[in-house]
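Source file: structure_26.pdb (PDB, C-alpha atoms and all ligand atoms)
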MODEL        1
ATOM      1  CA  MET A 269       0.000   0.000   0.000  1.00  0.00           C
ATOM      2  CA  THR A 270       1.351   3.464  -0.838  1.00  0.00           C
ATOM      3  CA  THR A 271       1.405   6.181   1.804  1.00  0.00           C
ATOM      4  CA  ASP A 272      -1.302   8.038  -0.156  1.00  0.00           C
ATOM      5  CA  GLU A 273      -3.515   4.944   0.063  1.00  0.00           C
ATOM      6  CA  MET A 274      -2.761   4.696   3.775  1.00  0.00           C
ATOM      7  CA  ILE A 275      -3.864   8.310   4.232  1.00  0.00           C
ATOM      8  CA  ILE A 276      -7.157   7.648   2.400  1.00  0.00           C
ATOM      9  CA  ARG A 277      -7.858   4.642   4.617  1.00  0.00           C
ATOM     10  CA  LEU A 278      -6.887   6.519   7.789  1.00  0.00           C
ATOM     11  CA  LYS A 279      -9.188   9.394   6.855  1.00  0.00           C
ATOM     12  CA  ALA A 280     -12.068   6.935   6.542  1.00  0.00           C
ATOM     13  CA  THR A 281     -11.258   5.219   9.868  1.00  0.00           C
ATOM     14  CA  LEU A 282     -10.258   8.010  12.217  1.00  0.00           C
ATOM     15  CA  LYS A 283     -12.162  10.930  13.694  1.00  0.00           C
ATOM     16  CA  GLU A 284     -11.149  14.269  12.199  1.00  0.00           C
ATOM     17  CA  ARG A 285      -9.096  15.421  15.188  1.00  0.00           C
ATOM     18  CA  ARG A 286      -7.233  12.108  15.323  1.00  0.00           C
ATOM     19  CA  PHE A 287      -6.647  12.143  11.570  1.00  0.00           C
ATOM     20  CA  ASN A 288      -5.123  15.636  11.757  1.00  0.00           C
ATOM     21  CA  HIS A 289      -2.960  14.544  14.709  1.00  0.00           C
ATOM     22  CA  THR A 290      -1.836  11.526  12.653  1.00  0.00           C
ATOM     23  CA  LEU A 291      -0.683  13.734   9.766  1.00  0.00           C
ATOM     24  CA  GLY A 292       1.094  15.968  12.291  1.00  0.00           C
ATOM     25  CA  VAL A 293       2.962  13.048  13.875  1.00  0.00           C
ATOM     26  CA  ALA A 294       3.933  11.669  10.442  1.00  0.00           C
ATOM     27  CA  SER A 295       5.415  15.033   9.364  1.00  0.00           C
ATOM     28  CA  GLU A 296       7.111  15.503  12.712  1.00  0.00           C
ATOM     29  CA  ALA A 297       8.594  11.964  12.566  1.00  0.00           C
ATOM     30  CA  ARG A 298       9.872  12.618   9.039  1.00  0.00           C
ATOM     31  CA  ARG A 299      11.411  15.928  10.120  1.00  0.00           C
ATOM     32  CA  LEU A 300      13.145  14.437  13.174  1.00  0.00           C
ATOM     33  CA  ALA A 301      14.196  11.135  11.514  1.00  0.00           C
ATOM     34  CA  PRO A 302      17.753  12.228  10.580  1.00  0.00           C
ATOM     35  CA  ARG A 303      18.390  13.374  14.160  1.00  0.00           C
ATOM     36  CA  PHE A 304      17.451   9.873  15.384  1.00  0.00           C
ATOM     37  CA  GLY A 305      19.423   8.207  12.587  1.00  0.00           C
ATOM     38  CA  VAL A 306      16.390   6.367  11.218  1.00  0.00           C
ATOM     39  CA  ASP A 307      15.033   5.971   7.708  1.00  0.00           C
ATOM     40  CA  VAL A 308      12.896   8.980   6.773  1.00  0.00           C
ATOM     41  CA  GLU A 309      10.265   7.031   4.816  1.00  0.00           C
ATOM     42  CA  LYS A 310       9.901   4.390   7.544  1.00  0.00           C
ATOM     43  CA  ALA A 311       9.546   7.139  10.152  1.00  0.00           C
ATOM     44  CA  TYR A 312       6.798   8.751   8.063  1.00  0.00           C
ATOM     45  CA  ILE A 313       4.898   5.435   7.781  1.00  0.00           C
ATOM     46  CA  ALA A 314       5.264   4.709  11.523  1.00  0.00           C
ATOM     47  CA  GLY A 315       3.921   8.201  12.263  1.00  0.00           C
ATOM     48  CA  LEU A 316       1.005   7.755   9.892  1.00  0.00           C
ATOM     49  CA  LEU A 317      -0.026   4.411  11.384  1.00  0.00           C
ATOM     50  CA  HIS A 318       0.806   4.865  15.077  1.00  0.00           C
ATOM     51  CA  ASP A 319      -2.838   5.608  15.988  1.00  0.00           C
ATOM     52  CA  CYS A 320      -4.496   3.527  13.244  1.00  0.00           C
ATOM     53  CA  ALA A 321      -6.505   1.526  15.816  1.00  0.00           C
ATOM     54  CA  LYS A 322      -7.349   4.518  18.013  1.00  0.00           C
ATOM     55  CA  ASN A 323     -10.995   4.921  17.062  1.00  0.00           C
ATOM     56  CA  PHE A 324     -11.902   1.230  17.032  1.00  0.00           C
ATOM     57  CA  THR A 325     -15.143   0.320  18.743  1.00  0.00           C
ATOM     58  CA  PRO A 326     -14.999  -2.256  21.580  1.00  0.00           C
ATOM     59  CA  GLU A 327     -16.551  -4.725  19.111  1.00  0.00           C
ATOM     60  CA  GLN A 328     -13.782  -4.106  16.562  1.00  0.00           C
ATOM     61  CA  VAL A 329     -11.147  -4.512  19.269  1.00  0.00           C
ATOM     62  CA  GLU A 330     -12.702  -7.823  20.285  1.00  0.00           C
ATOM     63  CA  ASP A 331     -12.984  -8.955  16.660  1.00  0.00           C
ATOM     64  CA  TYR A 332      -9.350  -8.144  15.758  1.00  0.00           C
ATOM     65  CA  CYS A 333      -8.015  -9.714  18.937  1.00  0.00           C
ATOM     66  CA  LYS A 334      -9.910 -12.923  18.220  1.00  0.00           C
ATOM     67  CA  ARG A 335      -9.154 -13.009  14.511  1.00  0.00           C
ATOM     68  CA  TYR A 336      -5.419 -12.364  14.793  1.00  0.00           C
ATOM     69  CA  GLY A 337      -4.753 -13.905  18.197  1.00  0.00           C
ATOM     70  CA  VAL A 338      -3.738 -10.624  19.838  1.00  0.00           C
ATOM     71  CA  ALA A 339      -3.173 -11.319  23.527  1.00  0.00           C
ATOM     72  CA  LEU A 340      -3.718  -8.159  25.564  1.00  0.00           C
ATOM     73  CA  ASP A 341      -1.913  -7.896  28.872  1.00  0.00           C
ATOM     74  CA  PRO A 342      -3.952  -7.320  32.063  1.00  0.00           C
ATOM     75  CA  TYR A 343      -3.223  -3.570  32.067  1.00  0.00           C
ATOM     76  CA  SER A 344      -4.545  -2.998  28.561  1.00  0.00           C
ATOM     77  CA  ARG A 345      -7.676  -4.942  29.377  1.00  0.00           C
ATOM     78  CA  LYS A 346      -8.354  -2.539  32.245  1.00  0.00           C
ATOM     79  CA  GLU A 347      -7.111   0.634  30.527  1.00  0.00           C
ATOM     80  CA  PRO A 348      -8.611   0.973  27.045  1.00  0.00           C
ATOM     81  CA  ALA A 349      -6.300   3.901  26.150  1.00  0.00           C
ATOM     82  CA  LEU A 350      -3.434   1.407  26.000  1.00  0.00           C
ATOM     83  CA  ILE A 351      -5.121  -1.060  23.649  1.00  0.00           C
ATOM     84  CA  HIS A 352      -4.797   1.043  20.491  1.00  0.00           C
ATOM     85  CA  ALA A 353      -1.003   0.883  20.521  1.00  0.00           C
ATOM     86  CA  PHE A 354      -0.720  -2.879  21.010  1.00  0.00           C
ATOM     87  CA  LEU A 355      -3.531  -3.565  18.569  1.00  0.00           C
ATOM     88  CA  GLY A 356      -2.296  -0.865  16.169  1.00  0.00           C
ATOM     89  CA  ALA A 357       0.826  -2.877  15.374  1.00  0.00           C
ATOM     90  CA  THR A 358      -1.398  -5.786  14.277  1.00  0.00           C
ATOM     91  CA  VAL A 359      -3.730  -3.528  12.265  1.00  0.00           C
ATOM     92  CA  ALA A 360      -0.749  -1.900  10.512  1.00  0.00           C
ATOM     93  CA  ARG A 361       0.280  -5.386   9.390  1.00  0.00           C
ATOM     94  CA  THR A 362      -3.118  -6.807   8.463  1.00  0.00           C
ATOM     95  CA  ASP A 363      -4.909  -3.749   7.061  1.00  0.00           C
ATOM     96  CA  TYR A 364      -2.013  -1.622   5.780  1.00  0.00           C
ATOM     97  CA  GLY A 365       0.393  -4.354   4.649  1.00  0.00           C
ATOM     98  CA  VAL A 366       3.331  -3.209   6.778  1.00  0.00           C
ATOM     99  CA  ASP A 367       5.669  -6.004   7.839  1.00  0.00           C
ATOM    100  CA  ASP A 368       8.731  -4.008   8.842  1.00  0.00           C
ATOM    101  CA  PRO A 369       9.492  -4.938  12.494  1.00  0.00           C
ATOM    102  CA  GLU A 370      11.087  -1.538  13.141  1.00  0.00           C
ATOM    103  CA  ILE A 371       7.848   0.247  12.225  1.00  0.00           C
ATOM    104  CA  LEU A 372       5.582  -2.272  13.973  1.00  0.00           C
ATOM    105  CA  SER A 373       7.446  -2.122  17.285  1.00  0.00           C
ATOM    106  CA  ALA A 374       7.418   1.696  17.190  1.00  0.00           C
ATOM    107  CA  ILE A 375       3.618   1.551  16.897  1.00  0.00           C
ATOM    108  CA  TYR A 376       3.375  -1.127  19.585  1.00  0.00           C
ATOM    109  CA  TYR A 377       5.371   0.816  22.192  1.00  0.00           C
ATOM    110  CA  HIS A 378       4.326   4.385  21.343  1.00  0.00           C
ATOM    111  CA  THR A 379       2.084   4.759  24.417  1.00  0.00           C
ATOM    112  CA  THR A 380       3.909   2.818  27.123  1.00  0.00           C
ATOM    113  CA  GLY A 381       7.521   2.941  26.006  1.00  0.00           C
ATOM    114  CA  LYS A 382       9.795   0.154  27.231  1.00  0.00           C
ATOM    115  CA  PRO A 383      13.345  -0.295  28.482  1.00  0.00           C
ATOM    116  CA  ASP A 384      16.120  -0.046  25.876  1.00  0.00           C
ATOM    117  CA  MET A 385      13.991   1.460  23.115  1.00  0.00           C
ATOM    118  CA  THR A 386      15.208   1.496  19.508  1.00  0.00           C
ATOM    119  CA  PRO A 387      15.807   4.870  17.813  1.00  0.00           C
ATOM    120  CA  MET A 388      12.542   4.436  15.831  1.00  0.00           C
ATOM    121  CA  GLU A 389      10.579   3.659  19.013  1.00  0.00           C
ATOM    122  CA  LYS A 390      12.032   6.755  20.686  1.00  0.00           C
ATOM    123  CA  LEU A 391      11.271   8.890  17.649  1.00  0.00           C
ATOM    124  CA  ILE A 392       7.576   7.949  17.452  1.00  0.00           C
ATOM    125  CA  TYR A 393       7.127   8.266  21.221  1.00  0.00           C
ATOM    126  CA  ILE A 394       8.469  11.826  21.063  1.00  0.00           C
ATOM    127  CA  ALA A 395       6.881  12.881  17.747  1.00  0.00           C
ATOM    128  CA  ASP A 396       3.505  11.851  19.197  1.00  0.00           C
ATOM    129  CA  LEU A 397       3.992  14.591  21.801  1.00  0.00           C
ATOM    130  CA  THR A 398       5.693  17.292  19.736  1.00  0.00           C
ATOM    131  CA  GLU A 399       3.472  17.483  16.652  1.00  0.00           C
ATOM    132  CA  PRO A 400       2.035  21.030  16.631  1.00  0.00           C
ATOM    133  CA  GLY A 401      -1.603  19.928  17.136  1.00  0.00           C
ATOM    134  CA  ARG A 402      -0.762  18.675  20.645  1.00  0.00           C
ATOM    135  CA  ASP A 403      -0.293  22.274  21.796  1.00  0.00           C
ATOM    136  CA  ARG A 404      -4.087  22.510  21.783  1.00  0.00           C
ATOM    137  CA  ASP A 405      -4.481  19.628  24.267  1.00  0.00           C
ATOM    138  CA  PRO A 406      -6.475  20.767  27.318  1.00  0.00           C
ATOM    139  CA  GLY A 407      -4.182  21.952  30.088  1.00  0.00           C
ATOM    140  CA  ARG A 408      -1.118  21.628  27.897  1.00  0.00           C
ATOM    141  CA  SER A 409       1.314  24.516  27.787  1.00  0.00           C
ATOM    142  CA  PRO A 410       3.244  25.166  24.556  1.00  0.00           C
ATOM    143  CA  GLU A 411       6.417  25.095  26.662  1.00  0.00           C
ATOM    144  CA  VAL A 412       6.159  21.292  26.776  1.00  0.00           C
ATOM    145  CA  SER A 413       6.747  21.014  23.033  1.00  0.00           C
ATOM    146  CA  GLU A 414       9.416  23.694  23.120  1.00  0.00           C
ATOM    147  CA  LYS A 415      11.248  21.936  25.932  1.00  0.00           C
ATOM    148  CA  LEU A 416      11.041  18.590  24.129  1.00  0.00           C
ATOM    149  CA  LYS A 417      12.224  20.094  20.865  1.00  0.00           C
ATOM    150  CA  SER A 418      15.262  21.688  22.471  1.00  0.00           C
ATOM    151  CA  LEU A 419      16.095  18.488  24.408  1.00  0.00           C
ATOM    152  CA  VAL A 420      15.876  16.450  21.188  1.00  0.00           C
ATOM    153  CA  GLU A 421      18.546  18.702  19.714  1.00  0.00           C
ATOM    154  CA  SER A 422      20.884  18.288  22.688  1.00  0.00           C
ATOM    155  CA  ASP A 423      20.244  14.756  24.031  1.00  0.00           C
ATOM    156  CA  ILE A 424      17.636  12.293  22.767  1.00  0.00           C
ATOM    157  CA  ASP A 425      17.550  10.220  25.963  1.00  0.00           C
ATOM    158  CA  GLU A 426      17.030  13.337  28.081  1.00  0.00           C
ATOM    159  CA  ALA A 427      14.153  14.234  25.759  1.00  0.00           C
ATOM    160  CA  LEU A 428      12.703  10.772  26.289  1.00  0.00           C
ATOM    161  CA  ILE A 429      13.012  10.994  30.095  1.00  0.00           C
ATOM    162  CA  TYR A 430      11.136  14.295  29.941  1.00  0.00           C
ATOM    163  CA  ALA A 431       8.538  12.877  27.529  1.00  0.00           C
ATOM    164  CA  ILE A 432       7.859   9.806  29.691  1.00  0.00           C
ATOM    165  CA  GLY A 433       7.647  12.023  32.789  1.00  0.00           C
ATOM    166  CA  TYR A 434       5.149  14.255  31.004  1.00  0.00           C
ATOM    167  CA  SER A 435       3.036  11.256  29.942  1.00  0.00           C
ATOM    168  CA  LEU A 436       3.142   9.771  33.442  1.00  0.00           C
ATOM    169  CA  SER A 437       2.058  13.043  35.036  1.00  0.00           C
ATOM    170  CA  TYR A 438      -0.869  13.147  32.587  1.00  0.00           C
ATOM    171  CA  VAL A 439      -1.883   9.597  33.554  1.00  0.00           C
ATOM    172  CA  LEU A 440      -1.543  10.448  37.253  1.00  0.00           C
ATOM    173  CA  LYS A 441      -3.683  13.559  36.842  1.00  0.00           C
ATOM    174  CA  LYS A 442      -6.381  11.518  35.154  1.00  0.00           C
ATOM    175  CA  GLY A 443      -6.180   8.866  37.882  1.00  0.00           C
ATOM    176  CA  ASN A 444      -5.606   6.088  35.353  1.00  0.00           C
ATOM    177  CA  LEU A 445      -3.592   2.899  35.693  1.00  0.00           C
ATOM    178  CA  ILE A 446       0.117   3.177  34.937  1.00  0.00           C
ATOM    179  CA  HIS A 447       1.511   0.503  32.672  1.00  0.00           C
ATOM    180  CA  PRO A 448       4.659  -0.976  34.289  1.00  0.00           C
ATOM    181  CA  ASP A 449       6.572  -0.719  30.979  1.00  0.00           C
ATOM    182  CA  SER A 450       6.481   3.082  31.351  1.00  0.00           C
ATOM    183  CA  ILE A 451       8.140   2.825  34.762  1.00  0.00           C
ATOM    184  CA  PHE A 452      10.695   0.325  33.446  1.00  0.00           C
ATOM    185  CA  ALA A 453      11.381   2.572  30.449  1.00  0.00           C
ATOM    186  CA  ARG A 454      12.068   5.552  32.680  1.00  0.00           C
ATOM    187  CA  ASN A 455      14.157   3.557  35.192  1.00  0.00           C
ATOM    188  CA  TYR A 456      16.282   2.190  32.369  1.00  0.00           C
ATOM    189  CA  LEU A 457      17.015   5.697  31.083  1.00  0.00           C
ATOM    190  CA  ILE A 458      17.736   7.095  34.546  1.00  0.00           C
ATOM    191  CA  GLU A 459      20.155   4.225  35.312  1.00  0.00           C
ATOM    192  CA  ASN A 460      21.875   4.833  31.980  1.00  0.00           C
ATOM    193  CA  ARG A 461      22.149   8.529  32.731  1.00  0.00           C
ATOM    194  CA  ARG A 462      23.846   7.693  36.051  1.00  0.00           C
ATOM    195  CA  LYS A 463      26.250   5.291  34.342  1.00  0.00           C
ATOM    196  CA  LYS A 464      27.190   8.057  31.898  1.00  0.00           C
ATOM    197  CA  LEU A 465      27.878  10.440  34.794  1.00  0.00           C
ATOM    198  CA  ASP A 466      29.986   7.916  36.761  1.00  0.00           C
TER     199      ASP A 466
HETATM  200 FE    FE T 501      -1.589   6.765  20.420  1.00  0.00          FE
HETATM  201 FE    FE T 502      -0.900   9.722  18.785  1.00  0.00          FE
ENDMDL
END
Would you write out, as structure tokens, the structure that this file holds?
Ligand SMILES: [Fe+2]
Ligand SMILES: [Fe+2]
Amino acid sequence: MTTDEMIIRLKATLKERRFNHTLGVASEARRLAPRFGVDVEKAYIAGLLHDCAKNFTPEQVEDYCKRYGVALDPYSRKEPALIHAFLGATVARTDYGVDDPEILSAIYYHTTGKPDMTPMEKLIYIADLTEPGRDRDPGRSPEVSEKLKSLVESDIDEALIYAIGYSLSYVLKKGNLIHPDSIFARNYLIENRRKKLD
């Protein structure tokens, strides 16, 4: 499937706000790709598809999980916001014909993160937060994007620590469950930072 065909399908599947966010993340991922040392075209595709399962109904979620044997962990079962990332990797493969593991894992981990993330996983995690449309999120100050953008220029892992901290504070504010992978992702980065300073 070409990226133009992907965009047509995404437009038909996603709500308008989500579709616009998707285009924003794809452009942002493409722009930042050289900084992360990843392939520009792959970054664009990962950005386009990262939220491809976001507006699925509970019935669609159930159907895809059954049909493709997607096993959701206990946290995703209890926290629907997490499902779209884990399921999105499957949908990117089955509905959009993407079989590149680098792209699929970036989609899979774009909400939780994980320890020892690949450059593509880091890129999509950050681009999801820095695309310009996110500045309109309720309660979000534009400084968040500015801070992330400047950290990306100086130190990608510091940008990621900040990004994960921002996401965790959002989850805490909403009173939602925290996926342990987010904690492990942050701990991994903090330990690495300490090793670098030793
Ligand atoms: Fe997402
Ligand atoms: Fe997103």
How would you write as a PyMOL selection string the residues that get within 12 Å of (-6.8, -1.8, 33.1) in the file's frame, counting only C-alpha atoms? chain A and resi 340-351+443-448
Select the residues contacting ligand FE 501 (chain T) at a distance of at most 9 Å, based on only C-alpha atoms and all ligand atoms, then format the selection as an NGL selection string. :A and (318-322 or 349-350 or 352-353 or 356 or 375 or 378-379 or 393 or 396)
Correct to one decimal, the distance atom CA of Tyr376 of chain A-atom CA of Val439 of chain A is 18.4 Å
Specify as number ranges by chain each residue included when the PyMOL selection byres (((chain A and resi 313) around 12) and not hetatm) is applied to this file. A: 269-275, 278, 290-291, 293-298, 301, 307-312, 314-320, 357, 360-361, 364-368, 370-372, 374-375, 388, 392
Using all atoms listed in the file, which protein or nucleic acid residues come within 12 Å of Tyr434 of chain A? Drop anything in the same chain fewer than 3 positions from it, and give the result as number ranges by chain. A: 379, 393-394, 397-398, 408-409, 411-413, 415-416, 427-431, 437-441, 450, 454
What is the distance between atom CA of Pro400 of chain A and atom CA of Thr362 of chain A, in Å to one decimal?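 Spanning atom CA of Pro400 of chain A to atom CA of Thr362 of chain A is a straight-line distance of 29.5 Å.
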Could you work out how far atom CA of Val359 of chain A lies from atom CA of Tyr336 of chain A, giving the answer in Å with one decimal? 9.3 Å
Shortest contact to Lys382 of chain A, candidates A:Ser435, A:Asn455, A:Thr325, A:Ser422, atoms counted only C-alpha atoms, goes to A:Asn455
So which one's closest to Leu282 of chain A, A:Asn323, A:Asp384, A:Val329, A:Arg303? Using only C-alpha atoms, please.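 Under the stated criterion, the closest residue is A:Asn323.
Distances to ligand FE 502 (chain T) were evaluated for A:Glu421, A:Asp449, A:Glu414, A:Glu399 using all atoms listed in the file, and the minimum falls at A:Glu399.
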Compare A:Lys417, A:Arg335, A:Lys279, A:His289 by their minimum atom-to-atom distance to ligand FE 502 (chain T), counting all atoms listed in the file, and give me the closest one.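 Answer, going by the shortest atom-to-atom distance: A:His289.
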When distances are computed from all atoms listed in the file, which of A:Arg402, A:Gly305, A:Tyr332, A:Asp425 shows the smallest separation from Asp363 of chain A? A:Tyr332
Considering all atoms listed in the file, can you say which of A:Leu300, A:Ile432, A:Gly292, A:Ile276 comes closest to Asp403 of chain A? A:Gly292
